[in-house]
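Asks: Provided herewith is a single structure, encoded as structure tokens, for subsequent inquiry.
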Amino acid sequence: MNLENRLEAPASDDGRYRLLVDAITDYAIYMLDAKGIVSSWNPGAARFKGYEADEIIGRHFSQFYTDEERKAGIPDLALKVAASEGRFEREGWRLRKDGTRFWAHVVIDPIRSPSGETIGYAKVTRDLTERRAAEEALRRSQEQFRLLVQGVTDYAIFMLDPEGNVASWNAGAQHIKGYAPEEIIGSHFSRFYTSEDLAEGVPTRGLATAARDGRWEAEGLRKRKDGSTFWAHVVIDAIRDEDGKIIGFAKVTRDITERKEAEQSLQQAQAALAQAQKMEALGQLTGGVAHDFNNLLQVISSNLHLAAKDVAGNPRAEVRIQNALAGVSRGARLAQQLLAFGRRQALEPKVINVGRFVRGMDDMLRRTIGADIEFEISIAGGLWNTLLDPNQVENALLNLAINGRDAMPDGGALTIEAGNAFLDDRYAARHEGVRPGQYVMLAVTDTGSGMPADVVQRAFEPFFSTKPEGKGTGLGLSMVYGLVKQSGGHIKIYSELGHGTTVKLYFPRAHESEDVVTDISSTPLRGGTETILVVEDDEEVRESAVALLSDLGYRVLKAKDGASAMGVIESGLPIDLLFTDVVMPGPVRSPDLARTAKERLPNLAVLFTSGYTENAIVHGGRLDRGVELLGKPYSRDQLARKIRHVLGNQAQRQVAAEEKTSARLQPEIASRPRTILVVEDDELIRSMTCEMLRTLGHEVLEAPDAPAALDMLASNSVDILPTDVGLPRVSGTVLARQARERSSNLRIIIATGDTGAAQDAQEIGATLLQKPYQSADLVRVLD
């Protein structure tokens with residue numbers, strides 16, 4: 001009996017099995033004989049293999065296999081395994097009739113005779129191509145996700161088991177936290193938290209919240225392997241199985257330190273800007289207050305000086321006048337502090353070495369702070385120069401020293417330090433108004449009571465003080481603040497309650513050589529008979545100025561504003577000097593008035609006065625070139641000297657212009673040519689004087705100020721030094737004294753419009769040349 005008859009015999013007993021196999025279309029169910037020849041074929045086999053029964057029955061089943069597997073002997077191996085082990089099962093690629101491949105799951109079972117002989121095989125094949133494709137897609141997706149997670153270096157992405165132990169670790173986690181996978185997997189994630197967070201139970205709370213709500217998100221400090229901390233943004237998500245049971249947690253950590261620092265820097269910058277705007281508004285207010293206050297002080301001062309003449313010889317009345325004038329001086333200092341805070345004072349900056357300047361104040365500072373305070377000055381080597389107003393820096397240091405002293409009622413230590421500093425771009429970005437660059441740093445440190453943060457924030461506000469009532473004006477630090485800002489610098493307070501205070505002042509480095517800084521000697525009082533036009537909108541101030549000038553012998557005209565003054569000027573009246581307030585109401589500004597008046601009257605001298613200069617004649621905190629200013633309140637003596645100085649210079653300009661026009665220079669040549677250094681800040685006067693001297697056959701050098709003159713004296717052999725008294729930065733009398741110290745043989749000529757300088761000339765051993773002088777006068781003093 002053949003295999004077909006032997007197999008069909010049992011089936012004929014129950015046709016239901018045949019019907020069942022023929023009804024299946026999702027599986028290929030067919031029979032092989034002992035050699036692997038196909039002997040039956042169901043509709044399922046025909047559907048996904050493509051062969052009809054008459055096309056495949058009688059052919060070897062190996063034709064469903066790929067060439068690679070046939071060459072490897074897989075079909076024969078499958079039959080041998082099935083025969084020997086009772087079953088063969090595998091997945092692999094199979095071929096359809098049209099040559100296309102599909103992924104098949106194959107099971108081959110041996111069919112044995114009652115005697116145990118293998119007489120054939122039952123083969124069941126299932127097309128798993130779609131499942132295979134889905135599994136492959138899932139595998140690729142999982143692999144891509146794994147590579148994605150592993151490739152992320154900006155985020156720490158890792159898994160935790162239900163107890164919080166690390167179960168996976170990506171490259172970002174290693175980059176951010178510093179641990180290699182083998183160092184951290186299996187450890188509890190709480191090791192990333194600070195001791196403070198551990199004490200508060202933050203890790204436990206995070207897992208509990210994620211388990212309860214599905215997610216926990218927070219920001220805080222975390223620890224790296226090396227013990228350093230970073231600011232982290234953390235998200236923990238719970239992972240659940242199909243039954244909702246927590247099987248672990250997904251944890252994502254991002255290092256946001258830079259963002260946090262940027263936010264803090266922005267907040268600091270915004271706070272600094274708000275503080276700067278607040279201080280600017282206060283500065284505008286205090287500047288206006290100082291202007292009005294100075295006007296009141298000017299009225300009081302002028303009338304007191306006039307009254308002093310009336311009570312001369314009455315000791316009791318003279319004492320009262322002097323006491324009142326002392327009160328005016330104190331009020332003037334108060335107004336000056338207000339102007340300093342508001343950055344409205346007209347600074348007279350000089351290139352100074354702060355180290356030498358501070359050492360020069362040693363005795364004064366020691367007397368100021370007292371014997372109970374340990375005092376030390378520390379100056380770094382190689383200190384740079386800086387451009388500052390010495391008088392204002394002296395006031396600033398005294399204010400800081402007094403503040404430090406008052407913060408140490410039971411004694412302590414006060415230290416003043418000076419050194420070079422560099423403020424970089426990062427520091428400048430975090431502090432409003434600071435430019436990166438080189439600075440000279442001046443620091444005053446005390447070991448006193450210190451200040452809380454809220455007090456530090458308000459320390460520079462005018463009239464804000466923590467001292468008891470009557471113990472301070474609250475203007476000391478505000479004055480220092482204004483000076484530093486007006487000088488283009490930066491100021492910073494470091495303070496802590498119970499640990500003292502340090503105030504650091506940063507002034508921009510100056511590359512010029514150091515100026516000579518010495519007090520200008522006072523000169524005796526002198527009046528005159530010239531005509532002066534006083535322009536002042538405040539009636540009381542105007543009348544007091546008129547009274548002072550009249551008392552000095554001058555003929556005085558007056559006007560209440562610029563428009564009225566222009567009427568006086570256009571009237572044709574002879575006027576020698578315009579004495580005008582800087583800040584006046586009306587359409588005609590003082591600088592415009594002065595310019596127009598000079599056009600109408602070329603020989604007119606101009607002197608400004610103000611207690612608040614705004615930006616009319618002061619730019620960058622400095623007087624405009626060629627501008628003369630007398631600050632309010634001024635005394636009778638100060639007014640007299642300034643008037644003579646301005647009139648003398650103007651007269652000299654006129655003489656210089658006339659001599660140049662008429663060519664009245666001496667034609668003869670000097671019997672002995674000399675080297676002469678002319679020091680004069682007025683360019684017209686200096687050029688004409690030099691021309692006079694060169695015509696006489698002398699070798700002439702010229703300098704606009706004392707520092708330049710001292711440099712020339714050091715590098716040239718000079719026989720004669722003619723110098724003006726009213727030089728910028730350093731006076732001519734100070735220059736003359738310095739020159740005399742260098743050379744006892746140098747001939748010195750002091751040129752001035754004030755005969756009061758005769759005493760200085762006599763002390764120095766110099767010749768006095770009264771302005772205005774002509775060429776003949778110059779020849780006379782040279783001989």
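In the structure tokens, the first chain shown is A, the next is B, and so on; residue numbers restart at 1 for each chain, and ligands run from 1 in the order shown.
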Which residues come within 7 Å of Glu417 in chain A, counting only C-alpha atoms, excluding same-chain residues fewer than 6 positions away, as a list in words?
Replies: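 In the requested form, the answer reads Ile377, Ser378, Ile379, Leu442, Ala443 and Val444 of chain A.
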Asks: From a DSSP calculation on the backbone, collect every residue of range 92-163 of chain A in helix (DSSP H, G or I) and output the set as a list in words.
Replies: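 Of range 92-163 of chain A, the ones in helix (DSSP H, G or I) are Thr129, Glu130, Arg131, Arg132, Ala133, Ala134, Glu135, Glu136, Ala137, Leu138, Arg139, Arg140, Ser141, Gln142, Glu143, Gln144, Phe145, Arg146, Leu147, Leu148, Val149, Gln150 and Gly151 of chain A.
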Asks: Which one of A:Ile402, A:Val606, A:Ala208, A:Ala133 sits closest to Gly164 in chain A if you count only C-alpha atoms?
Replies: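 That would be A:Ala208, the residue with the smallest distance to Gly164 in chain A.
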Asks: Residues at most 10 Å from Ser717 in chain A, counting only C-alpha atoms, excluding those fewer than 5 positions away in the same chain, as JSON, numbers by chain?
Replies: {"A": [674, 675, 676, 677, 712, 746]}
Asks: May I have the selected residues written with N, CA and C atoms, as a JSON list (two decimals), in the first residue's frame?
Replies:
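Saved result, out_3.json, follows:
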```json
[["chain", "number", "residue", "atom", "x", "y", "z"],
["A", 674, "ARG", "N", 68.75, 133.85, 25.23],
["A", 674, "ARG", "CA", 68.50, 132.93, 26.34],
["A", 674, "ARG", "C", 67.43, 131.91, 25.93],
["A", 675, "THR", "N", 67.39, 130.80, 26.72],
["A", 675, "THR", "CA", 66.32, 129.80, 26.53],
["A", 675, "THR", "C", 65.21, 130.10, 27.53],
["A", 676, "ILE", "N", 64.03, 130.36, 27.02],
["A", 676, "ILE", "CA", 62.91, 130.81, 27.85],
["A", 676, "ILE", "C", 61.76, 129.83, 27.70],
["A", 677, "LEU", "N", 61.20, 129.39, 28.83],
["A", 677, "LEU", "CA", 60.01, 128.51, 28.84],
["A", 677, "LEU", "C", 58.80, 129.33, 29.28],
["A", 712, "MET", "N", 59.33, 119.68, 30.71],
["A", 712, "MET", "CA", 60.28, 120.40, 29.87],
["A", 712, "MET", "C", 61.49, 120.86, 30.68],
["A", 746, "LEU", "N", 67.65, 129.55, 38.19],
["A", 746, "LEU", "CA", 66.60, 129.82, 37.22],
["A", 746, "LEU", "C", 65.93, 131.15, 37.52]]
```
Asks: Between A:Ala396, A:Ile685, A:Ala429, A:Ala28, which residue has the minimum interatomic distance to Gln264 in chain A, considering only C-alpha atoms?
Replies: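 Answer, going by the shortest atom-to-atom distance: A:Ala429.
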Asks: Using backbone DSSP assignments, extract all strand (DSSP E) residues from range 441-609 of chain A; output them as a ChimeraX atom specification.
Replies: /A:441-446,490-495,501-510,531-535,555-559,577-581,605-609
Asks: Quick one: pull the distance between CA of Leu701 in chain A and CA of Gln650 in chain A, Å, one decimal.
Replies: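 One can read the CA of Leu701 in chain A to CA of Gln650 in chain A distance as 22.8 Å.
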Asks: Tell me which protein, DNA and RNA residues are within 7 Å of range 579-594 of chain A, counting only C-alpha atoms, leaving out same-chain ones fewer than 6 positions away, and put them as a ChimeraX atom specification.
Replies: /A:532-537,561-563,606-610,613,616
Asks: One decimal, Å: what's the distance from CA of Ala104 in chain A over to CA of Arg90 in chain A, could you say?
Replies: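 So the answer is 8.3 Å.
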Asks: Restricting the calculation to only C-alpha atoms: of A:Asp255, A:Glu55, A:Glu628, A:Glu741, which residue gets closest to Gly726 in chain A?
Replies: A:Glu628
Asks: Skip Leu414 in chain A itself and residues of its chain fewer than 5 positions away, then list as a PDB file with N, CA and C atoms, in the first residue's frame all residues within 10 Å of it, counting only C-alpha atoms.
Replies:
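Saved file result.pdb follows:
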```
ATOM      1  N   ILE A 369      40.488 109.562  63.140  1.00  0.00           N
ATOM      2  CA  ILE A 369      39.887 108.337  63.685  1.00  0.00           C
ATOM      3  C   ILE A 369      40.229 108.133  65.160  1.00  0.00           C
ATOM      4  N   ILE A 373      41.648 103.454  67.601  1.00  0.00           N
ATOM      5  CA  ILE A 373      41.497 102.653  66.387  1.00  0.00           C
ATOM      6  C   ILE A 373      42.871 102.314  65.828  1.00  0.00           C
ATOM      7  N   GLU A 374      43.110 101.036  65.591  1.00  0.00           N
ATOM      8  CA  GLU A 374      44.350 100.619  64.954  1.00  0.00           C
ATOM      9  C   GLU A 374      44.270 100.951  63.470  1.00  0.00           C
ATOM     10  N   PHE A 375      45.235 101.702  62.966  1.00  0.00           N
ATOM     11  CA  PHE A 375      45.161 102.224  61.598  1.00  0.00           C
ATOM     12  C   PHE A 375      46.335 101.724  60.764  1.00  0.00           C
ATOM     13  N   GLU A 376      46.036 101.300  59.532  1.00  0.00           N
ATOM     14  CA  GLU A 376      47.082 100.794  58.649  1.00  0.00           C
ATOM     15  C   GLU A 376      46.794 101.209  57.214  1.00  0.00           C
ATOM     16  N   ILE A 377      47.857 101.567  56.505  1.00  0.00           N
ATOM     17  CA  ILE A 377      47.767 101.878  55.076  1.00  0.00           C
ATOM     18  C   ILE A 377      48.575 100.830  54.322  1.00  0.00           C
ATOM     19  N   ALA A 401      36.544 107.086  56.402  1.00  0.00           N
ATOM     20  CA  ALA A 401      37.259 106.832  57.654  1.00  0.00           C
ATOM     21  C   ALA A 401      36.388 107.160  58.862  1.00  0.00           C
ATOM     22  N   GLY A 404      33.832 104.444  59.272  1.00  0.00           N
ATOM     23  CA  GLY A 404      34.454 103.272  59.877  1.00  0.00           C
ATOM     24  C   GLY A 404      34.699 103.470  61.361  1.00  0.00           C
ATOM     25  N   ARG A 405      35.173 104.648  61.733  1.00  0.00           N
ATOM     26  CA  ARG A 405      35.405 104.954  63.158  1.00  0.00           C
ATOM     27  C   ARG A 405      34.115 104.853  63.950  1.00  0.00           C
ATOM     28  N   MET A 408      32.920 101.504  65.037  1.00  0.00           N
ATOM     29  CA  MET A 408      33.757 100.785  66.009  1.00  0.00           C
ATOM     30  C   MET A 408      33.851 101.599  67.304  1.00  0.00           C
ATOM     31  N   VAL A 444      38.510 100.895  51.803  1.00  0.00           N
ATOM     32  CA  VAL A 444      38.532 101.257  53.218  1.00  0.00           C
ATOM     33  C   VAL A 444      37.773 100.171  53.980  1.00  0.00           C
ATOM     34  N   THR A 445      38.452  99.508  54.904  1.00  0.00           N
ATOM     35  CA  THR A 445      37.881  98.370  55.630  1.00  0.00           C
ATOM     36  C   THR A 445      37.906  98.640  57.125  1.00  0.00           C
ATOM     37  N   ASP A 446      36.772  98.377  57.795  1.00  0.00           N
ATOM     38  CA  ASP A 446      36.732  98.471  59.253  1.00  0.00           C
ATOM     39  C   ASP A 446      36.290  97.131  59.821  1.00  0.00           C
ATOM     40  N   THR A 447      36.533  96.940  61.100  1.00  0.00           N
ATOM     41  CA  THR A 447      36.140  95.690  61.788  1.00  0.00           C
ATOM     42  C   THR A 447      34.953  95.954  62.696  1.00  0.00           C
ATOM     43  N   GLY A 448      34.097  96.858  62.268  1.00  0.00           N
ATOM     44  CA  GLY A 448      32.987  97.299  63.111  1.00  0.00           C
ATOM     45  C   GLY A 448      31.758  96.426  63.046  1.00  0.00           C
ATOM     46  N   GLY A 500      32.139  93.652  60.129  1.00  0.00           N
ATOM     47  CA  GLY A 500      32.754  94.816  59.526  1.00  0.00           C
ATOM     48  C   GLY A 500      32.282  95.122  58.118  1.00  0.00           C
ATOM     49  N   THR A 501      32.903  96.137  57.528  1.00  0.00           N
ATOM     50  CA  THR A 501      32.496  96.648  56.222  1.00  0.00           C
ATOM     51  C   THR A 501      33.730  97.007  55.400  1.00  0.00           C
ATOM     52  N   THR A 502      33.657  96.737  54.109  1.00  0.00           N
ATOM     53  CA  THR A 502      34.668  97.189  53.160  1.00  0.00           C
ATOM     54  C   THR A 502      33.980  97.966  52.050  1.00  0.00           C
TER      55      THR A 502
END
```
Asks: Show which residues sit within 8 Å of Asp109 in chain A, as number ranges by chain. Count only C-alpha atoms, and ignore same-chain residues fewer than 5 positions away.
Replies: A: 82-83, 86-88, 121-123
Asks: Would you compute the distance between CA of Glu196 in chain A and CA of Asn170 in chain A? Give it in Å to one decimal.
Replies: 26.9 Å
Asks: May I have the residues within 10 Å of Arg555 in chain A as a CSV table (one decimal) with C-alpha atoms, in the first residue's frame, using only C-alpha atoms and disregarding those fewer than 3 positions away in the same chain?
Replies:
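Final file, out03.csv:
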```csv
chain,number,residue,atom,x,y,z
A,528,GLY,CA,39.2,147.8,40.7
A,529,THR,CA,37.3,150.5,38.8
A,530,GLU,CA,36.1,148.5,35.7
A,531,THR,CA,32.4,148.1,34.7
A,532,ILE,CA,30.8,144.8,35.5
A,533,LEU,CA,27.4,143.5,34.3
A,546,VAL,CA,26.1,144.1,43.3
A,549,LEU,CA,31.4,144.5,43.7
A,550,SER,CA,30.4,148.1,44.5
A,551,ASP,CA,32.2,147.8,47.8
A,552,LEU,CA,35.3,146.7,45.9
A,575,ILE,CA,31.3,146.9,29.9
A,576,ASP,CA,34.6,145.2,30.9
```
